[in-house]
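Participant: entry.cif is reproduced below (mmCIF, C-alpha atoms).
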```
data_protein
#
loop_
_atom_site.group_PDB
_atom_site.id
_atom_site.type_symbol
_atom_site.label_atom_id
_atom_site.label_comp_id
_atom_site.auth_asym_id
_atom_site.auth_seq_id
_atom_site.Cartn_x
_atom_site.Cartn_y
_atom_site.Cartn_z
ATOM 1 C CA MET P 1 -4.019 -17.593 -46.446
ATOM 2 C CA VAL P 2 -1.488 -19.482 -44.352
ATOM 3 C CA GLN P 3 -1.655 -18.753 -40.622
ATOM 4 C CA ARG P 4 1.768 -18.463 -39.018
ATOM 5 C CA ILE P 5 2.240 -19.428 -35.370
ATOM 6 C CA VAL P 6 5.480 -18.735 -33.561
ATOM 7 C CA LEU P 7 6.985 -21.548 -31.523
ATOM 8 C CA ALA P 8 8.636 -20.143 -28.410
ATOM 9 C CA THR P 9 11.793 -22.205 -28.620
ATOM 10 C CA GLY P 10 15.024 -22.382 -30.541
ATOM 11 C CA ASN P 11 14.773 -26.172 -30.691
ATOM 12 C CA LYS P 12 14.479 -27.216 -34.340
ATOM 13 C CA GLY P 13 13.530 -30.745 -33.301
ATOM 14 C CA LYS P 14 10.418 -29.469 -31.553
ATOM 15 C CA ALA P 15 9.585 -27.366 -34.600
ATOM 16 C CA ARG P 16 9.798 -30.437 -36.835
ATOM 17 C CA GLU P 17 7.424 -32.313 -34.541
ATOM 18 C CA PHE P 18 4.845 -29.545 -34.810
ATOM 19 C CA GLU P 19 5.330 -29.145 -38.551
ATOM 20 C CA LYS P 20 4.729 -32.857 -39.086
ATOM 21 C CA MET P 21 1.617 -32.726 -36.926
ATOM 22 C CA LEU P 22 0.214 -29.732 -38.842
ATOM 23 C CA THR P 23 0.868 -30.986 -42.391
ATOM 24 C CA ASN P 24 -1.850 -29.887 -44.846
ATOM 25 C CA THR P 25 -3.696 -27.760 -42.276
ATOM 26 C CA GLY P 26 -2.769 -24.344 -43.671
ATOM 27 C CA ILE P 27 -0.756 -23.572 -40.525
ATOM 28 C CA GLU P 28 2.949 -22.740 -40.589
ATOM 29 C CA ILE P 29 5.155 -23.073 -37.516
ATOM 30 C CA VAL P 30 8.039 -20.602 -37.264
ATOM 31 C CA LEU P 31 10.773 -20.505 -34.635
ATOM 32 C CA GLN P 32 11.009 -17.436 -32.422
ATOM 33 C CA SER P 33 14.597 -16.989 -33.622
ATOM 34 C CA GLU P 34 13.191 -15.750 -36.953
ATOM 35 C CA PHE P 35 12.037 -12.676 -35.023
ATOM 36 C CA ASN P 36 15.220 -12.385 -32.967
ATOM 37 C CA VAL P 37 13.281 -13.259 -29.829
ATOM 38 C CA LYS P 38 15.618 -13.767 -26.901
ATOM 39 C CA PRO P 39 14.491 -16.279 -24.273
ATOM 40 C CA PRO P 40 12.814 -14.541 -21.321
ATOM 41 C CA VAL P 41 13.668 -15.142 -17.695
ATOM 42 C CA GLU P 42 11.706 -18.207 -16.601
ATOM 43 C CA ASP P 43 11.023 -17.291 -12.999
ATOM 44 C CA GLY P 44 7.749 -19.167 -12.552
ATOM 45 C CA THR P 45 7.419 -21.840 -9.895
ATOM 46 C CA THR P 46 5.311 -24.159 -12.064
ATOM 47 C CA PHE P 47 5.487 -25.525 -15.603
ATOM 48 C CA VAL P 48 2.288 -23.611 -16.422
ATOM 49 C CA GLU P 49 3.733 -20.273 -15.330
ATOM 50 C CA ASN P 50 6.942 -20.740 -17.305
ATOM 51 C CA ALA P 51 5.112 -21.827 -20.458
ATOM 52 C CA ILE P 52 2.876 -18.746 -20.265
ATOM 53 C CA ILE P 53 5.898 -16.474 -19.763
ATOM 54 C CA LYS P 54 7.553 -17.894 -22.885
ATOM 55 C CA ALA P 55 4.422 -17.807 -25.049
ATOM 56 C CA ARG P 56 3.450 -14.263 -24.059
ATOM 57 C CA HIS P 57 6.978 -12.985 -24.708
ATOM 58 C CA ALA P 58 7.189 -14.615 -28.165
ATOM 59 C CA SER P 59 3.742 -13.349 -29.124
ATOM 60 C CA PHE P 60 4.576 -9.807 -28.017
ATOM 61 C CA ILE P 61 7.783 -9.654 -30.061
ATOM 62 C CA SER P 62 6.458 -11.429 -33.161
ATOM 63 C CA GLY P 63 2.896 -10.127 -33.251
ATOM 64 C CA LEU P 64 1.709 -13.696 -33.931
ATOM 65 C CA PRO P 65 -0.135 -16.341 -31.938
ATOM 66 C CA ALA P 66 2.411 -18.346 -29.960
ATOM 67 C CA ILE P 67 2.906 -21.859 -28.659
ATOM 68 C CA ALA P 68 5.255 -22.616 -25.800
ATOM 69 C CA ASP P 69 5.979 -25.701 -23.795
ATOM 70 C CA ASP P 70 7.573 -26.220 -20.448
ATOM 71 C CA SER P 71 8.432 -29.692 -19.350
ATOM 72 C CA GLY P 72 10.484 -31.649 -16.893
ATOM 73 C CA ILE P 73 10.569 -34.618 -14.592
ATOM 74 C CA GLU P 74 9.456 -35.043 -10.993
ATOM 75 C CA VAL P 75 10.674 -37.853 -8.761
ATOM 76 C CA ASP P 76 8.547 -38.844 -5.799
ATOM 77 C CA CYS P 77 11.334 -39.783 -3.375
ATOM 78 C CA LEU P 78 12.900 -36.361 -4.018
ATOM 79 C CA LYS P 79 9.605 -34.598 -3.226
ATOM 80 C CA GLY P 80 9.039 -33.584 -6.832
ATOM 81 C CA GLU P 81 12.568 -32.562 -7.748
ATOM 82 C CA PRO P 82 13.941 -31.549 -10.154
ATOM 83 C CA GLY P 83 10.568 -30.237 -11.425
ATOM 84 C CA VAL P 84 10.782 -26.834 -13.124
ATOM 85 C CA TYR P 85 14.540 -26.926 -12.618
ATOM 86 C CA SER P 86 14.963 -30.098 -14.713
ATOM 87 C CA ALA P 87 16.995 -28.375 -17.434
ATOM 88 C CA ARG P 88 19.349 -26.677 -14.953
ATOM 89 C CA TYR P 89 19.313 -29.189 -12.101
ATOM 90 C CA SER P 90 23.100 -29.359 -11.852
ATOM 91 C CA GLY P 91 23.636 -25.603 -12.151
ATOM 92 C CA GLU P 92 23.467 -22.727 -14.593
ATOM 93 C CA ASN P 93 25.815 -24.387 -17.096
ATOM 94 C CA ALA P 94 24.096 -27.753 -16.756
ATOM 95 C CA THR P 95 24.412 -30.505 -19.343
ATOM 96 C CA ASP P 96 22.099 -33.472 -19.818
ATOM 97 C CA GLU P 97 24.801 -35.802 -18.517
ATOM 98 C CA ALA P 98 25.499 -33.713 -15.414
ATOM 99 C CA ASN P 99 21.794 -33.386 -14.641
ATOM 100 C CA LEU P 100 21.213 -37.129 -14.931
ATOM 101 C CA ASP P 101 24.303 -37.988 -12.884
ATOM 102 C CA LEU P 102 23.128 -35.696 -10.088
ATOM 103 C CA LEU P 103 19.644 -37.203 -10.171
ATOM 104 C CA LEU P 104 21.004 -40.746 -9.986
ATOM 105 C CA SER P 105 23.261 -39.786 -7.089
ATOM 106 C CA ASN P 106 20.303 -38.308 -5.219
ATOM 107 C CA VAL P 107 17.924 -41.250 -5.763
ATOM 108 C CA ALA P 108 20.542 -43.950 -5.071
ATOM 109 C CA LYS P 109 19.899 -43.772 -1.328
ATOM 110 C CA PHE P 110 16.252 -44.777 -1.837
ATOM 111 C CA PRO P 111 14.971 -48.292 -2.588
ATOM 112 C CA ALA P 112 13.759 -49.006 -6.120
ATOM 113 C CA SER P 113 10.152 -49.149 -4.904
ATOM 114 C CA GLU P 114 10.298 -45.441 -4.024
ATOM 115 C CA ARG P 115 11.799 -44.174 -7.282
ATOM 116 C CA SER P 116 8.538 -43.600 -9.119
ATOM 117 C CA ALA P 117 8.675 -40.608 -11.423
ATOM 118 C CA ARG P 118 6.811 -38.846 -14.186
ATOM 119 C CA TYR P 119 7.582 -36.517 -17.003
ATOM 120 C CA TRP P 120 5.301 -33.507 -17.366
ATOM 121 C CA CYS P 121 4.624 -31.361 -20.400
ATOM 122 C CA VAL P 122 2.566 -28.186 -20.388
ATOM 123 C CA LEU P 123 1.711 -26.653 -23.764
ATOM 124 C CA VAL P 124 0.277 -23.141 -23.922
ATOM 125 C CA LEU P 125 -1.421 -21.535 -26.906
ATOM 126 C CA MET P 126 -1.460 -17.745 -26.642
ATOM 127 C CA ARG P 127 -3.749 -16.232 -29.287
ATOM 128 C CA HIS P 128 -2.192 -12.776 -28.795
ATOM 129 C CA TYR P 129 0.163 -11.381 -26.201
ATOM 130 C CA LYS P 130 -2.631 -9.883 -24.101
ATOM 131 C CA ASP P 131 -4.635 -13.133 -24.154
ATOM 132 C CA PRO P 132 -6.269 -13.331 -20.695
ATOM 133 C CA THR P 133 -7.274 -16.969 -21.134
ATOM 134 C CA PRO P 134 -4.411 -18.859 -22.793
ATOM 135 C CA ILE P 135 -5.343 -22.382 -23.771
ATOM 136 C CA ILE P 136 -3.418 -24.917 -21.695
ATOM 137 C CA PHE P 137 -2.785 -28.603 -22.310
ATOM 138 C CA GLN P 138 -1.063 -30.661 -19.621
ATOM 139 C CA ARG P 139 -0.091 -34.324 -19.792
ATOM 140 C CA SER P 140 2.197 -36.671 -17.880
ATOM 141 C CA TRP P 141 4.085 -39.905 -18.562
ATOM 142 C CA ASN P 142 4.624 -42.292 -15.669
ATOM 143 C CA GLY P 143 7.709 -44.401 -15.070
ATOM 144 C CA GLU P 144 10.474 -44.939 -12.561
ATOM 145 C CA ILE P 145 14.131 -44.058 -12.217
ATOM 146 C CA ILE P 146 16.690 -46.841 -12.593
ATOM 147 C CA LEU P 147 20.303 -46.374 -11.574
ATOM 148 C CA ASP P 148 21.876 -47.465 -14.846
ATOM 149 C CA LYS P 149 21.654 -45.754 -18.223
ATOM 150 C CA ARG P 150 20.153 -47.621 -21.154
ATOM 151 C CA GLY P 151 19.631 -46.706 -24.779
ATOM 152 C CA GLN P 152 21.029 -44.242 -27.275
ATOM 153 C CA ASN P 153 17.845 -42.420 -28.282
ATOM 154 C CA GLY P 154 16.222 -39.543 -26.479
ATOM 155 C CA PHE P 155 17.882 -36.918 -24.331
ATOM 156 C CA GLY P 156 17.806 -35.493 -20.833
ATOM 157 C CA TYR P 157 16.749 -38.075 -18.266
ATOM 158 C CA ASP P 158 15.542 -40.591 -20.874
ATOM 159 C CA PRO P 159 18.351 -43.174 -20.371
ATOM 160 C CA SER P 160 17.221 -43.788 -16.771
ATOM 161 C CA PHE P 161 13.479 -43.177 -17.175
ATOM 162 C CA TYR P 162 12.158 -46.730 -17.207
ATOM 163 C CA VAL P 163 8.626 -47.579 -18.355
ATOM 164 C CA PRO P 164 7.640 -50.910 -16.742
ATOM 165 C CA LEU P 165 4.734 -51.574 -19.121
ATOM 166 C CA LEU P 166 7.143 -51.604 -22.061
ATOM 167 C CA GLY P 167 10.179 -53.016 -20.268
ATOM 168 C CA MET P 168 12.512 -50.330 -21.559
ATOM 169 C CA THR P 169 13.749 -46.825 -20.919
ATOM 170 C CA ALA P 170 12.644 -43.820 -22.940
ATOM 171 C CA ALA P 171 16.106 -43.800 -24.561
ATOM 172 C CA GLU P 172 15.623 -47.381 -25.785
ATOM 173 C CA MET P 173 12.409 -46.562 -27.647
ATOM 174 C CA GLU P 174 12.172 -45.873 -31.343
ATOM 175 C CA PRO P 175 11.426 -42.161 -31.854
ATOM 176 C CA GLU P 176 8.031 -42.875 -33.421
ATOM 177 C CA LEU P 177 6.892 -44.834 -30.368
ATOM 178 C CA LYS P 178 8.232 -42.300 -27.908
ATOM 179 C CA ASN P 179 6.654 -39.370 -29.749
ATOM 180 C CA ARG P 180 3.298 -41.112 -29.672
ATOM 181 C CA ILE P 181 3.150 -42.064 -26.001
ATOM 182 C CA SER P 182 5.303 -39.447 -24.294
ATOM 183 C CA HIS P 183 4.097 -36.528 -22.216
ATOM 184 C CA ARG P 184 4.793 -34.123 -25.092
ATOM 185 C CA GLY P 185 3.246 -36.389 -27.691
ATOM 186 C CA GLN P 186 0.035 -36.666 -25.673
ATOM 187 C CA ALA P 187 -0.147 -32.913 -25.069
ATOM 188 C CA MET P 188 0.457 -32.181 -28.753
ATOM 189 C CA ALA P 189 -2.305 -34.605 -29.725
ATOM 190 C CA ASP P 190 -4.658 -32.778 -27.352
ATOM 191 C CA MET P 191 -3.670 -29.385 -28.774
ATOM 192 C CA LEU P 192 -4.026 -30.330 -32.447
ATOM 193 C CA PRO P 193 -7.836 -30.096 -32.776
ATOM 194 C CA GLU P 194 -7.877 -26.703 -31.030
ATOM 195 C CA ILE P 195 -5.217 -25.242 -33.319
ATOM 196 C CA ILE P 196 -6.951 -26.535 -36.419
ATOM 197 C CA LYS P 197 -10.305 -25.188 -35.223
ATOM 198 C CA LEU P 198 -8.829 -21.730 -34.667
ATOM 199 C CA TYR P 199 -6.357 -21.411 -37.521
ATOM 200 C CA GLY P 200 -6.697 -24.296 -39.957
ATOM 201 C CA ASN P 201 -7.993 -24.307 -43.500
ATOM 202 C CA LYS P 202 -11.473 -22.836 -43.607
#
```
In structure tokens, how does this file's structure come out?

Facilitator:
Amino acid sequence: MVQRIVLATGNKGKAREFEKMLTNTGIEIVLQSEFNVKPPVEDGTTFVENAIIKARHASFISGLPAIADDSGIEVDCLKGEPGVYSARYSGENATDEANLDLLLSNVAKFPASERSARYWCVLVLMRHYKDPTPIIFQRSWNGEIILDKRGQNGFGYDPSFYVPLLGMTAAEMEPELKNRISHRGQAMADMLPEIIKLYGNK
């Protein structure tokens, strides 16, 4: 019997990433939109809190185990901003371009040596909506903010998130490389054995 797990997002790209990861495991990923789940209010102050809110809500509506992620970027010279507000940094109707432009404007007053930054991803697996001990996976990806925009791949802050070890921004990386080494890729790799242990082919 195939175990279905609801993914607490409407992002089909994220769903494809999980589906590829779970090929031949007997686990099917379904988007919360299949159950008409409306996004909850994300009023947590941490990535962990917001991921739990999303997973618990999707599990309650769907009756299935749920996976949710919350992610964003923190910049040291901005004392951790934009953090949990990464997706709406420039306001309620924020776009990726507006968010990145605001970030670059805010970091421009600091020297390059102080523009260290990291992406964070928190993945939560909620086995049922009353789960008192959701399983949490948290990984980061270190880099720095540069003031120009480079590359056509990626999204969000990727064009200015520079990884010195590779000499390129996240938006200059091939998707396969980025998915392997990114904050989300690392967290998904950590989560995989746990999902298979709980729900995979017996």

Participant: Here is a test: counting all atoms listed in the file, which residue of P:Pro40, P:Ala55, P:Leu125, P:Ser90 is nearest to Tyr199 in chain P?

Facilitator: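 Of all the options, P:Leu125 lies closest to Tyr199 in chain P.
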
Participant: Using the chain letters and numbers from the file, give me the residues hit by the PyMOL selection byres ((chain P and resi 182) around 10), as a PyMOL selection string.

Facilitator: chain P and resi 119-121+139-142+170+177-181+183-188

Participant: Which residue gives the smallest distance to Ile195 in chain P among P:Asp101, P:Asp148, P:Glu28, P:Glu17, with only C-alpha atoms counted?

Facilitator: P:Glu28

Participant: For Val41 in chain P, work out the shell of residues within 12 Å, counting all atoms listed in the file and skipping chain neighbours fewer than 2 positions away, then give it as an MDAnalysis selection string.

Facilitator: chainID P and resid 38:39 43:44 49:54 57

Participant: Which of these, P:Leu123, P:Glu114, P:Asn153, P:Ser62, has the shortest distance to Leu192 in chain P once you count only C-alpha atoms?

Facilitator: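 Closest residue, counting only C-alpha atoms: P:Leu123.
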
Participant: List every protein, DNA or RNA residue that has at least one atom no more than 8 Å from (18.5, -42.7, -24.8) in the file's coordinates, counting all atoms listed in the file, and write the result as a ChimeraX atom specification.

Facilitator: /P:149-155,158-159,169-173

Participant: Applied to the shown file, which residues does the PyMOL selection byres ((chain P and resi 68-74) around 8) return, written as a PyMOL selection string?

Facilitator: chain P and resi 7-9+47-48+50-52+54-55+66-67+75-76+78-87+117-125+157

Participant: Tell me which of P:Leu22, P:Leu102, P:Ile145, P:Ala15 sits closest to Ile196 in chain P, counting all atoms listed in the file.

Facilitator: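 Closest candidate: P:Leu22.
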
Participant: Rounded to one decimal in Å, what is the spacing between CA of Lys130 in chain P and CA of Phe60 in chain P?

Facilitator: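 CA of Phe60 in chain P lies 8.2 Å from CA of Lys130 in chain P.
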
Participant: Here is a test: counting all atoms listed in the file, which residue of P:Ile29, P:Ile135, P:Met21, P:Leu100 is nearest to Ala189 in chain P?

Facilitator: P:Met21

Participant: Which residues match the PyMOL selection byres ((chain P and resi 146) around 8) in the file above, as a list in words?

Facilitator: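 Going through the file, the PyMOL selection byres ((chain P and resi 146) around 8) ends up selecting Leu104, Ala112, Arg115, Glu144, Ile145, Leu147, Asp148, Lys149, Ser160, Phe161 and Tyr162 of chain P.
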
Participant: Take CA of Ala58 in chain P and CA of Phe35 in chain P and report the distance between them in Å, one decimal.

Facilitator: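 Computing it gives 8.6 Å between the two atoms.
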
Participant: Could you check which of P:Arg127, P:Val6, P:Cys77, P:Thr45 is closest to Leu198 in chain P, using only C-alpha atoms?

Facilitator: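 Ranked by minimum distance to Leu198 in chain P, first place goes to P:Arg127.
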
Participant: Let me have the centre and edge lengths of the axis-aligned box enclosing all listed atoms of range 123-128 of chain P with 8 Å padding on every side, in Å to one decimal, as JSON.

Facilitator:
```
{"center_x": -1.0, "center_y": -19.7, "center_z": -26.5, "size_x": 21.5, "size_y": 29.9, "size_z": 21.5}
```

Participant: Quick one: pull the distance between CA of Pro134 in chain P and CA of Asn201 in chain P, Å, one decimal.

Facilitator: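 Rounded to one decimal, the two atoms are 21.7 Å apart.
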